[in-house]
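*Asks:* Enclosed is the structure file final-v5.txt (compact mmCIF, C-alpha atoms and all ligand atoms).
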```txt
# COMPACT_ATOMS: atom_id res chain seq x y z
CA MET X 13 0.00 0.00 0.00
CA PHE X 14 2.73 2.42 1.01
CA LEU X 15 4.86 1.41 -1.92
CA ARG X 16 2.00 1.94 -4.32
CA LEU X 17 1.38 5.47 -3.03
CA ALA X 18 5.04 6.30 -3.43
CA VAL X 19 4.98 5.11 -7.03
CA LEU X 20 1.90 7.18 -7.77
CA LEU X 21 3.47 10.29 -6.31
CA LEU X 22 6.57 9.76 -8.37
CA VAL X 23 4.58 9.41 -11.58
CA SER X 24 2.56 12.54 -11.02
CA TYR X 25 5.71 14.46 -10.06
CA CYS X 26 7.28 13.48 -13.38
CA ALA X 27 4.19 14.69 -15.21
CA CYS X 28 4.55 18.17 -13.62
CA ALA X 29 8.25 18.35 -14.29
CA ALA X 30 7.66 17.58 -17.93
CA GLN X 31 5.62 20.73 -18.51
CA SER X 32 7.08 22.55 -21.45
CA TYR X 33 7.14 26.33 -21.77
CA ASP X 34 7.11 28.58 -24.79
CA VAL X 35 10.06 30.52 -23.40
CA ILE X 36 12.45 30.12 -20.47
CA VAL X 37 14.25 33.29 -19.40
CA VAL X 38 17.51 32.78 -17.51
CA GLY X 39 18.12 35.66 -15.09
CA LEU X 40 15.57 38.13 -13.74
CA GLY X 41 17.36 41.46 -13.88
CA SER X 42 16.17 44.37 -15.99
CA SER X 43 16.56 42.58 -19.34
CA GLY X 44 15.11 39.26 -18.14
CA VAL X 45 12.08 40.76 -16.41
CA THR X 46 11.38 42.98 -19.43
CA ALA X 47 11.50 39.99 -21.80
CA SER X 48 9.48 37.75 -19.45
CA SER X 49 6.72 40.26 -18.88
CA ILE X 50 6.37 41.20 -22.56
CA LEU X 51 6.15 37.55 -23.60
CA ALA X 52 3.76 36.58 -20.78
CA LYS X 53 1.48 39.52 -21.60
CA ALA X 54 1.55 38.45 -25.26
CA GLY X 55 0.08 35.09 -24.18
CA ARG X 56 3.25 32.99 -24.12
CA LYS X 57 3.79 30.55 -21.27
CA VAL X 58 7.02 31.73 -19.67
CA LEU X 59 9.32 30.39 -16.94
CA GLY X 60 11.82 32.76 -15.32
CA LEU X 61 14.79 31.08 -13.61
CA GLU X 62 16.83 33.25 -11.25
CA ALA X 63 19.92 32.08 -9.35
CA MET X 64 19.63 34.61 -6.54
CA ASP X 65 16.80 34.63 -3.99
CA ARG X 66 15.40 37.88 -5.33
CA ILE X 67 14.39 39.65 -8.53
CA GLY X 68 16.33 42.67 -9.86
CA GLY X 69 19.88 41.50 -10.56
CA ARG X 70 22.12 44.55 -10.48
CA VAL X 71 19.22 46.58 -9.16
CA LYS X 72 18.88 46.00 -5.41
CA THR X 73 16.68 48.23 -3.32
CA VAL X 74 16.91 47.70 0.45
CA SER X 75 14.76 49.31 3.14
CA PHE X 76 16.42 51.83 5.39
CA GLY X 77 14.43 53.64 8.07
CA ASP X 78 11.44 55.27 6.37
CA GLY X 79 13.14 55.16 3.00
CA VAL X 80 15.37 53.01 0.86
CA ILE X 81 18.98 52.59 -0.15
CA GLU X 82 20.01 51.48 -3.61
CA GLU X 83 22.91 49.04 -3.44
CA GLY X 84 22.93 48.76 -7.24
CA ALA X 85 21.55 51.06 -9.91
CA GLU X 86 20.11 54.28 -8.56
CA TRP X 87 19.40 56.68 -11.44
CA ILE X 88 17.14 56.67 -14.44
CA ALA X 89 20.01 57.73 -16.70
CA GLY X 90 18.24 59.85 -19.30
CA THR X 91 14.50 60.35 -19.74
CA GLU X 92 14.05 60.45 -23.53
CA ASN X 93 13.03 57.11 -25.10
CA SER X 94 13.65 55.34 -21.80
CA ARG X 95 11.49 52.28 -21.11
CA VAL X 96 12.23 52.82 -17.42
CA TYR X 97 11.18 56.47 -17.25
CA ASP X 98 8.13 55.90 -19.45
CA LEU X 99 6.85 53.09 -17.22
CA ALA X 100 7.18 55.27 -14.10
CA ILE X 101 5.30 58.15 -15.73
CA GLU X 102 2.56 55.92 -17.19
CA ASN X 103 1.93 54.64 -13.67
CA ASN X 104 1.92 58.06 -12.06
CA ILE X 105 4.96 57.29 -9.91
CA THR X 106 6.60 60.48 -8.72
CA VAL X 107 10.21 60.30 -9.79
CA LEU X 108 12.64 63.00 -8.80
CA PRO X 109 15.25 64.70 -11.01
CA GLN X 110 18.23 65.33 -8.78
CA ASP X 111 21.21 67.59 -9.34
CA PHE X 112 24.24 67.12 -7.27
CA ASP X 113 26.98 69.46 -6.31
CA SER X 114 30.23 68.54 -4.70
CA LEU X 115 32.81 69.98 -2.39
CA ILE X 116 36.26 68.53 -2.10
CA PHE X 117 38.06 68.37 1.24
CA ARG X 118 41.54 67.21 1.96
CA SER X 119 41.80 64.80 4.85
CA ASP X 120 44.01 67.27 6.75
CA GLY X 121 41.32 69.94 6.47
CA ASN X 122 43.52 72.22 4.33
CA GLN X 123 41.20 74.21 2.04
CA THR X 124 43.82 76.10 0.06
CA TYR X 125 43.05 74.34 -3.22
CA ASN X 126 39.33 73.83 -2.84
CA LYS X 127 38.36 76.16 -5.67
CA ALA X 128 40.89 74.67 -8.08
CA TYR X 129 39.69 71.14 -7.28
CA TYR X 130 36.11 72.19 -7.72
CA ASP X 131 36.73 73.84 -11.10
CA LEU X 132 38.68 70.82 -12.28
CA LEU X 133 35.95 68.44 -11.19
CA ASN X 134 33.42 70.38 -13.24
CA LEU X 135 35.79 70.43 -16.19
CA VAL X 136 36.22 66.65 -16.04
CA MET X 137 32.48 65.97 -15.68
CA GLU X 138 31.72 68.22 -18.64
CA LYS X 139 34.50 66.87 -20.91
CA SER X 140 33.83 63.23 -20.08
CA MET X 141 30.17 63.56 -21.06
CA GLY X 142 30.78 65.04 -24.49
CA ALA X 143 32.42 63.45 -27.50
CA SER X 144 36.08 62.89 -26.71
CA ASP X 145 39.01 63.45 -29.01
CA PRO X 146 39.79 60.28 -31.00
CA SER X 147 43.41 61.37 -31.45
CA PHE X 148 43.99 60.29 -27.83
CA LYS X 149 44.53 56.64 -27.02
CA SER X 150 42.46 56.55 -23.85
CA GLU X 151 39.99 58.64 -21.90
CA GLY X 152 42.74 58.99 -19.26
CA ASP X 153 45.20 60.49 -21.76
CA TYR X 154 42.54 62.81 -23.11
CA LEU X 155 41.33 64.07 -19.72
CA THR X 156 44.90 64.43 -18.41
CA ALA X 157 45.68 66.76 -21.34
CA GLU X 158 42.50 68.75 -20.70
CA ILE X 159 43.29 69.07 -17.00
CA LEU X 160 46.88 70.19 -17.57
CA SER X 161 45.91 72.82 -20.11
CA PHE X 162 43.13 74.11 -17.83
CA ILE X 163 45.60 74.46 -14.94
CA LYS X 164 48.12 76.21 -17.17
CA LYS X 165 45.49 78.73 -18.23
CA ASN X 166 43.55 79.27 -14.99
CA TYR X 167 45.94 78.30 -12.19
CA PRO X 168 49.41 79.00 -13.64
CA HIS X 169 51.00 79.08 -10.17
CA LEU X 170 50.05 75.39 -9.74
CA GLU X 171 51.39 74.26 -13.08
CA ASN X 172 54.65 72.99 -11.56
CA ASP X 173 53.21 71.81 -8.23
CA LYS X 174 53.81 68.09 -8.73
CA VAL X 175 52.08 67.06 -5.51
CA PHE X 176 48.92 68.98 -6.43
CA ILE X 177 48.89 67.71 -10.04
CA ASP X 178 49.37 64.09 -8.96
CA GLN X 179 46.58 64.37 -6.42
CA VAL X 180 44.21 65.91 -8.96
CA LEU X 181 44.93 63.22 -11.56
CA ASP X 182 44.51 60.43 -8.98
CA LEU X 183 41.23 61.83 -7.76
CA MET X 184 39.78 62.39 -11.24
CA ASN X 185 40.91 58.94 -12.40
CA PHE X 186 39.13 57.46 -9.38
CA LEU X 187 35.92 59.42 -10.02
CA ILE X 188 35.76 58.60 -13.73
CA SER X 189 36.54 54.94 -13.09
CA VAL X 190 33.78 54.65 -10.52
CA TYR X 191 31.40 56.32 -12.94
CA VAL X 192 32.27 54.16 -15.95
CA ALA X 193 32.95 50.97 -13.91
CA SER X 194 36.52 50.67 -15.23
CA ASN X 195 39.58 49.96 -13.12
CA ASP X 196 41.53 52.89 -14.52
CA TRP X 197 40.71 55.74 -16.92
CA HIS X 198 43.55 54.57 -19.16
CA ASP X 199 41.46 51.45 -19.89
CA ILE X 200 38.61 53.46 -21.41
CA THR X 201 38.58 54.11 -25.15
CA THR X 202 37.82 57.60 -26.45
CA GLN X 203 35.93 55.94 -29.29
CA SER X 204 33.08 54.47 -27.28
CA SER X 205 29.83 53.64 -29.04
CA ASP X 206 27.91 54.69 -25.93
CA GLU X 207 25.22 57.14 -27.04
CA GLY X 208 23.33 57.59 -23.79
CA LEU X 209 19.80 58.95 -23.69
CA GLY X 210 18.73 62.59 -23.81
CA GLY X 211 17.07 64.39 -20.94
CA HIS X 212 17.95 64.57 -17.28
CA GLN X 213 20.63 62.03 -16.37
CA TYR X 214 19.93 61.58 -12.65
CA THR X 215 16.27 60.92 -12.06
CA SER X 216 15.62 59.00 -8.86
CA TRP X 217 12.81 56.63 -7.85
CA HIS X 218 13.52 58.06 -4.38
CA VAL X 219 11.21 56.58 -1.67
CA HIS X 220 9.71 54.09 -4.11
CA GLY X 221 13.04 52.50 -4.92
CA TYR X 222 14.20 51.10 -8.26
CA LYS X 223 12.48 47.82 -7.28
CA THR X 224 9.22 49.53 -8.33
CA PHE X 225 10.32 49.22 -11.97
CA PHE X 226 10.23 45.43 -11.60
CA GLU X 227 6.97 45.39 -9.63
CA LEU X 228 5.28 47.43 -12.36
CA MET X 229 6.46 45.08 -15.12
CA LEU X 230 5.50 41.98 -13.14
CA ASN X 231 2.14 43.39 -12.00
CA THR X 232 3.06 42.90 -8.33
CA TYR X 233 3.09 46.63 -7.48
CA LYS X 234 0.81 47.38 -4.51
CA ASN X 235 0.17 43.65 -4.04
CA GLY X 236 -0.94 43.11 -7.63
CA PRO X 237 -1.56 39.48 -8.56
CA GLY X 238 1.40 39.05 -10.92
CA LEU X 239 1.17 37.69 -14.45
CA PRO X 240 -0.80 34.46 -14.91
CA ASN X 241 1.39 33.24 -17.78
CA LEU X 242 4.67 33.71 -15.93
CA ASP X 243 6.11 31.15 -13.50
CA ILE X 244 9.13 32.29 -11.50
CA LYS X 245 11.66 30.13 -9.70
CA LEU X 246 14.12 31.97 -7.47
CA SER X 247 17.30 30.45 -6.00
CA THR X 248 17.52 28.30 -9.12
CA GLU X 249 20.89 28.42 -10.81
CA VAL X 250 20.99 27.30 -14.43
CA SER X 251 24.03 25.11 -15.05
CA GLN X 252 23.56 23.88 -18.62
CA ILE X 253 21.53 24.61 -21.73
CA VAL X 254 21.17 21.92 -24.40
CA TRP X 255 19.63 23.07 -27.65
CA PRO X 256 18.53 21.12 -30.72
CA LYS X 257 20.61 22.38 -33.59
CA ASP X 258 18.70 20.16 -36.00
CA GLY X 259 15.45 21.85 -34.97
CA SER X 260 13.85 18.77 -33.41
CA GLY X 261 12.45 18.98 -29.91
CA ASP X 262 12.76 21.56 -27.16
CA VAL X 263 15.67 23.39 -25.60
CA LYS X 264 16.60 21.76 -22.26
CA VAL X 265 17.64 23.92 -19.34
CA LYS X 266 19.37 22.06 -16.53
CA CYS X 267 19.65 23.56 -13.07
CA ALA X 268 22.17 23.10 -10.27
CA ASP X 269 19.39 21.62 -8.07
CA GLY X 270 19.06 18.73 -10.54
CA SER X 271 15.81 19.92 -12.14
CA THR X 272 15.40 20.19 -15.91
CA HIS X 273 12.99 22.50 -17.70
CA THR X 274 12.15 22.62 -21.38
CA ALA X 275 10.94 25.29 -23.77
CA LYS X 276 10.86 26.19 -27.42
CA HIS X 277 13.11 29.21 -26.84
CA VAL X 278 15.50 30.25 -24.10
CA ILE X 279 16.67 33.82 -23.48
CA VAL X 280 19.95 34.03 -21.57
CA THR X 281 20.50 37.33 -19.74
CA VAL X 282 23.44 36.59 -17.42
CA SER X 283 26.00 39.38 -17.20
CA LEU X 284 29.24 39.55 -19.14
CA GLY X 285 31.09 39.70 -15.85
CA VAL X 286 33.55 42.46 -16.52
CA LEU X 287 35.95 41.63 -13.77
CA LYS X 288 36.21 44.38 -11.25
CA GLU X 289 37.55 44.00 -7.71
CA ARG X 290 36.47 47.26 -5.70
CA SER X 291 33.15 46.17 -5.32
CA LYS X 292 30.98 43.40 -3.86
CA TRP X 293 29.22 43.28 -7.21
CA TYR X 294 32.45 41.61 -8.37
CA SER X 295 32.51 38.95 -5.65
CA ASN X 296 28.86 38.15 -6.33
CA PRO X 297 29.11 35.01 -8.54
CA TYR X 298 25.91 35.94 -10.40
CA THR X 299 26.98 39.39 -11.55
CA ARG X 300 30.81 39.32 -11.55
CA GLY X 301 31.21 43.05 -11.88
CA SER X 302 29.05 46.12 -12.05
CA TYR X 303 28.55 46.91 -15.76
CA THR X 304 30.40 46.99 -19.06
CA PHE X 305 32.25 49.87 -20.70
CA ASP X 306 34.12 50.23 -24.00
CA ASN X 307 37.79 49.52 -23.37
CA LEU X 308 40.83 50.09 -25.60
CA ASP X 309 40.20 46.86 -27.54
CA THR X 310 36.55 47.59 -28.28
CA PRO X 311 37.13 49.74 -31.40
CA LYS X 312 38.95 46.75 -32.93
CA TYR X 313 35.75 44.71 -32.59
CA PRO X 314 33.01 47.18 -33.50
CA LYS X 315 30.37 44.42 -33.75
CA ALA X 316 31.27 42.69 -30.47
CA ARG X 317 28.07 43.66 -28.67
CA GLU X 318 25.89 42.65 -31.64
CA THR X 319 27.74 39.32 -31.80
CA LEU X 320 27.15 38.76 -28.10
CA GLY X 321 23.44 39.45 -28.66
CA SER X 322 22.94 37.28 -31.75
CA PRO X 323 20.79 34.17 -31.25
CA LEU X 324 21.64 30.55 -31.90
CA LEU X 325 19.48 29.42 -34.84
CA ASP X 326 18.45 25.84 -35.45
CA ALA X 327 18.50 24.13 -38.86
CA ASN X 328 15.14 25.76 -39.70
CA GLY X 329 16.44 29.24 -38.91
CA VAL X 330 14.38 29.46 -35.70
CA PRO X 331 16.15 31.28 -32.82
CA ARG X 332 16.30 28.72 -29.99
CA VAL X 333 18.82 30.28 -27.57
CA LEU X 334 18.75 34.09 -27.45
CA PHE X 335 20.88 36.56 -25.53
CA ALA X 336 19.93 39.77 -23.76
CA GLY X 337 21.50 41.93 -21.05
CA GLU X 338 23.12 45.35 -20.90
CA ALA X 339 26.35 44.13 -22.49
CA THR X 340 24.49 43.15 -25.68
CA ASN X 341 23.17 46.67 -26.28
CA PRO X 342 25.41 48.43 -28.85
CA ALA X 343 24.61 52.04 -27.89
CA GLN X 344 23.00 51.89 -24.42
CA PHE X 345 25.09 49.40 -22.47
CA GLY X 346 25.86 49.70 -18.78
CA THR X 347 22.40 50.88 -17.81
CA VAL X 348 19.04 49.61 -16.61
CA HIS X 349 17.24 51.15 -19.58
CA GLY X 350 19.78 49.59 -22.00
CA ALA X 351 19.29 46.19 -20.36
CA SER X 352 15.51 46.57 -20.55
CA GLU X 353 15.75 47.54 -24.22
CA SER X 354 17.73 44.36 -24.93
CA GLY X 355 15.06 42.24 -23.19
CA HIS X 356 12.42 43.93 -25.33
CA ARG X 357 14.53 43.28 -28.45
CA GLU X 358 14.73 39.53 -27.78
CA ALA X 359 11.07 39.21 -26.76
CA MET X 360 10.12 40.84 -30.08
CA ARG X 361 12.46 38.50 -31.95
CA ILE X 362 10.43 35.59 -30.58
CA LEU X 363 7.03 37.22 -31.08
CA ASN X 364 7.81 38.14 -34.69
CA LYS X 365 8.74 34.56 -35.53
C1 LIG U 401 26.66 49.69 -8.19
C2 LIG U 401 25.95 49.87 -9.51
C3 LIG U 401 25.40 51.10 -9.84
C4 LIG U 401 24.73 51.27 -11.04
N1 LIG U 401 24.12 52.48 -11.31
C5 LIG U 401 23.31 52.59 -12.39
C6 LIG U 401 22.47 53.74 -12.54
O1 LIG U 401 22.48 54.65 -11.69
N2 LIG U 401 21.66 53.81 -13.63
C7 LIG U 401 21.61 52.80 -14.57
O2 LIG U 401 20.83 52.91 -15.53
N3 LIG U 401 22.39 51.68 -14.43
C8 LIG U 401 23.22 51.55 -13.36
N4 LIG U 401 23.93 50.40 -13.18
C9 LIG U 401 23.93 49.38 -14.24
C10 LIG U 401 22.64 48.52 -14.22
O3 LIG U 401 22.38 48.11 -12.90
C11 LIG U 401 22.84 47.29 -15.11
O4 LIG U 401 23.30 47.68 -16.41
C12 LIG U 401 21.52 46.51 -15.32
O5 LIG U 401 20.80 46.38 -14.12
C13 LIG U 401 21.86 45.13 -15.89
O6 LIG U 401 20.70 44.38 -16.12
P1 LIG U 401 20.82 42.96 -16.87
O7 LIG U 401 19.47 42.40 -16.98
O8 LIG U 401 21.64 43.12 -18.10
O9 LIG U 401 21.76 42.07 -15.91
P2 LIG U 401 21.58 41.63 -14.37
O10 LIG U 401 20.87 42.66 -13.59
O11 LIG U 401 22.93 41.20 -13.91
O12 LIG U 401 20.60 40.36 -14.47
C14 LIG U 401 21.08 39.08 -14.78
C15 LIG U 401 20.48 38.10 -13.78
O13 LIG U 401 20.96 36.79 -14.12
C16 LIG U 401 21.12 36.06 -12.91
N5 LIG U 401 22.01 34.93 -13.17
C17 LIG U 401 23.35 34.93 -13.37
N6 LIG U 401 23.80 33.69 -13.56
C18 LIG U 401 22.71 32.88 -13.51
C19 LIG U 401 22.53 31.47 -13.65
N7 LIG U 401 23.54 30.65 -13.90
N8 LIG U 401 21.28 30.96 -13.52
C20 LIG U 401 20.21 31.77 -13.28
N9 LIG U 401 20.33 33.12 -13.14
C21 LIG U 401 21.58 33.66 -13.27
C22 LIG U 401 21.70 37.08 -11.95
O14 LIG U 401 21.53 36.66 -10.61
C23 LIG U 401 20.90 38.34 -12.32
O15 LIG U 401 19.76 38.49 -11.51
C24 LIG U 401 24.63 50.21 -11.97
C25 LIG U 401 25.19 48.96 -11.64
C26 LIG U 401 25.82 48.78 -10.42
C27 LIG U 401 26.37 47.44 -10.09
C1 LIG U 402 -2.63 58.29 -13.75
O1 LIG U 402 -3.29 59.51 -13.50
C2 LIG U 402 -4.22 59.85 -14.52
C3 LIG U 402 -4.75 61.24 -14.23
O2 LIG U 402 -5.10 61.38 -12.90
C4 LIG U 402 -5.32 58.80 -14.58
O3 LIG U 402 -6.23 59.10 -15.61
C5 LIG U 402 -4.68 57.44 -14.85
O4 LIG U 402 -5.67 56.42 -14.80
C6 LIG U 402 -3.61 57.14 -13.83
N1 LIG U 402 -2.91 55.92 -14.24
C7 LIG U 402 -2.61 54.92 -13.37
C8 LIG U 402 -1.93 53.74 -13.94
O5 LIG U 402 -2.86 54.98 -12.17
C1 LIG U 403 47.81 74.14 3.02
O1 LIG U 403 48.51 73.62 1.88
C2 LIG U 403 49.30 74.60 1.22
C3 LIG U 403 49.87 73.95 -0.03
O2 LIG U 403 50.51 72.71 0.27
C4 LIG U 403 50.39 75.11 2.16
O3 LIG U 403 51.14 76.10 1.49
C5 LIG U 403 49.76 75.70 3.41
O4 LIG U 403 50.73 76.02 4.32
C6 LIG U 403 48.81 74.66 4.03
N1 LIG U 403 48.09 75.31 5.14
C7 LIG U 403 48.04 74.77 6.35
C8 LIG U 403 47.22 75.53 7.34
O5 LIG U 403 48.57 73.69 6.62
```
Would you give me this structure, written as structure tokens?

*Replies:*
Amino acid sequence: MFLRLAVLLLVSYCACAAQSYDVIVVGLGSSGVTASSILAKAGRKVLGLEAMDRIGGRVKTVSFGDGVIEEGAEWIAGTENSRVYDLAIENNITVLPQDFDSLIFRSDGNQTYNKAYYDLLNLVMEKSMGASDPSFKSEGDYLTAEILSFIKKNYPHLENDKVFIDQVLDLMNFLISVYVASNDWHDITTQSSDEGLGGHQYTSWHVHGYKTFFELMLNTYKNGPGLPNLDIKLSTEVSQIVWPKDGSGDVKVKCADGSTHTAKHVIVTVSLGVLKERSKWYSNPYTRGSYTFDNLDTPKYPKARETLGSPLLDANGVPRVLFAGEATNPAQFGTVHGASESGHREAMRILNK
């Protein structure tokens, strides 16, 4: 009797496990959640598999007192043609354009050079935003030349102050590298394909937190019921994807917990893992870095991001394994909106088939 029950349970378990999806999305960051929600809303049966125990990837909003802290992405970086900004506005979420100003202090409290530092900081922010000069090898070389000529013109008495100059260059290198997510400004090409978006560059979700972006897409905002066509499994690390090159059968997605899931298409959104030690985003095995930038080698491979984002086609020309994520976006990489755009791109590739 007991044995028989056990056998029955086993059989029905196998029947559940064999459910096949239209699309499996690996990774539920900005690109994965965008793709999943578009496909589920279009009537496709979708399974989202996420290795971490939460949704958001490199967006991580944590509660703090009455408000929130963003451990990952904080700003809606540009408001024109941004899927992120548009979704906030459509849902009447009050987002907040923020401008920041900075003061520089030396650790010994000496304020002698404060104005020079301040002017140079503004110079660097302004020059690094605009188109840089392609005759320089790296962003570091280009900005160093700009800084030195600015000092020569505006602070001639500091031109030969080696200690001051070294400190300025160190500080600006640090600031630019944090901003771009490089290790050093000499690693950044001046010929980046980054176009950015127009409009205000630092719009904040403030008290709502960036997590709201995901809740809106998934229909869980304010305890919404979610999306009926989307199943989500958290804490489920994908370890292998087997796809039928000859076009027969489903794509198989194997997970570290031993489970296997099948679907007609799989969208892979795991990060490129630009290796950066500074940061706990680097030690996190599921992100391996904060975000990508165009380094000195990038201009040699102008189609690298497109290549990274091109799908694996089976013998019938059907895309079976597709790739999204910020690193696959040729002109808007390194951002939440760029990642979202790439998820939209791959969802549409499936829907148009
Ligand atoms: C500190 C920091 C600050 C930033 N600031 C900004 C900002 O202000 N504005 C802005 O626009 N952008 C910012 N960014 C960049 C932005 O966060 C990213 O570009 C964007 O979130 C990336 O989304 P994605 O979907 O491409 O990748 P991810 O968010 O990395 O999503 C991929 C998902 O795949 C999962 N995964 C990985 N391996 C597996 C596996 N084997 N099986 C299953 N799942 C797996 C990961 O856990 C992750 O959830 C910042 C990033 C960081 C780290
Ligand atoms: C946003 O506000 C407008 C105007 O008050 C209203 O018509 C609309 O339904 C609201 N949208 C949502 C999603 O709440
Ligand atoms: C501050 O630094 C400048 C430049 O190094 C130096 O000339 C000045 O004496 C310092 N002031 C004090 C109070 O230490």

*Asks:* Throw together the list of residues within 8 Å of ligand LIG 403 (chain U), counting only C-alpha atoms and all ligand atoms, and drop it here as an MDAnalysis selection string.

*Replies:* chainID X and resid 120 122:125 176

*Asks:* Using all atoms listed in the file, which protein or nucleic acid residues come within 10 Å of Glu92 in chain X? Drop anything in the same chain fewer than 4 positions from it, and give the result as a list in words.

*Replies:* Val96, Tyr97, Asp98, Gly208, Leu209, Gly210, Gly211, His212 and Gln213 of chain X

*Asks:* Measuring between all atoms listed in the file, which one of X:Asn185, X:Thr319, X:Ser251, X:Ser150 shows the shortest distance to ligand LIG 401 (chain U)?

*Replies:*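 Checking each of X:Asn185, X:Thr319, X:Ser251, X:Ser150 against ligand LIG 401 (chain U), counting all atoms listed in the file, the winner is X:Ser251.
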
*Asks:* Give the residues close to ligand LIG 401 (chain U), within 6 Å, counting all atoms listed in the file; write them as a ChimeraX atom specification.

*Replies:* /X:38-44,61-64,68-71,84-89,249-251,281-283,293,298-299,302-303,337-338,346-349,351

*Asks:* Using only C-alpha atoms and all ligand atoms, which of X:Ile105, X:Ile67, X:Met360, X:Leu51 sits nearest ligand LIG 402 (chain U)?

*Replies:*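 Closest candidate: X:Ile105.
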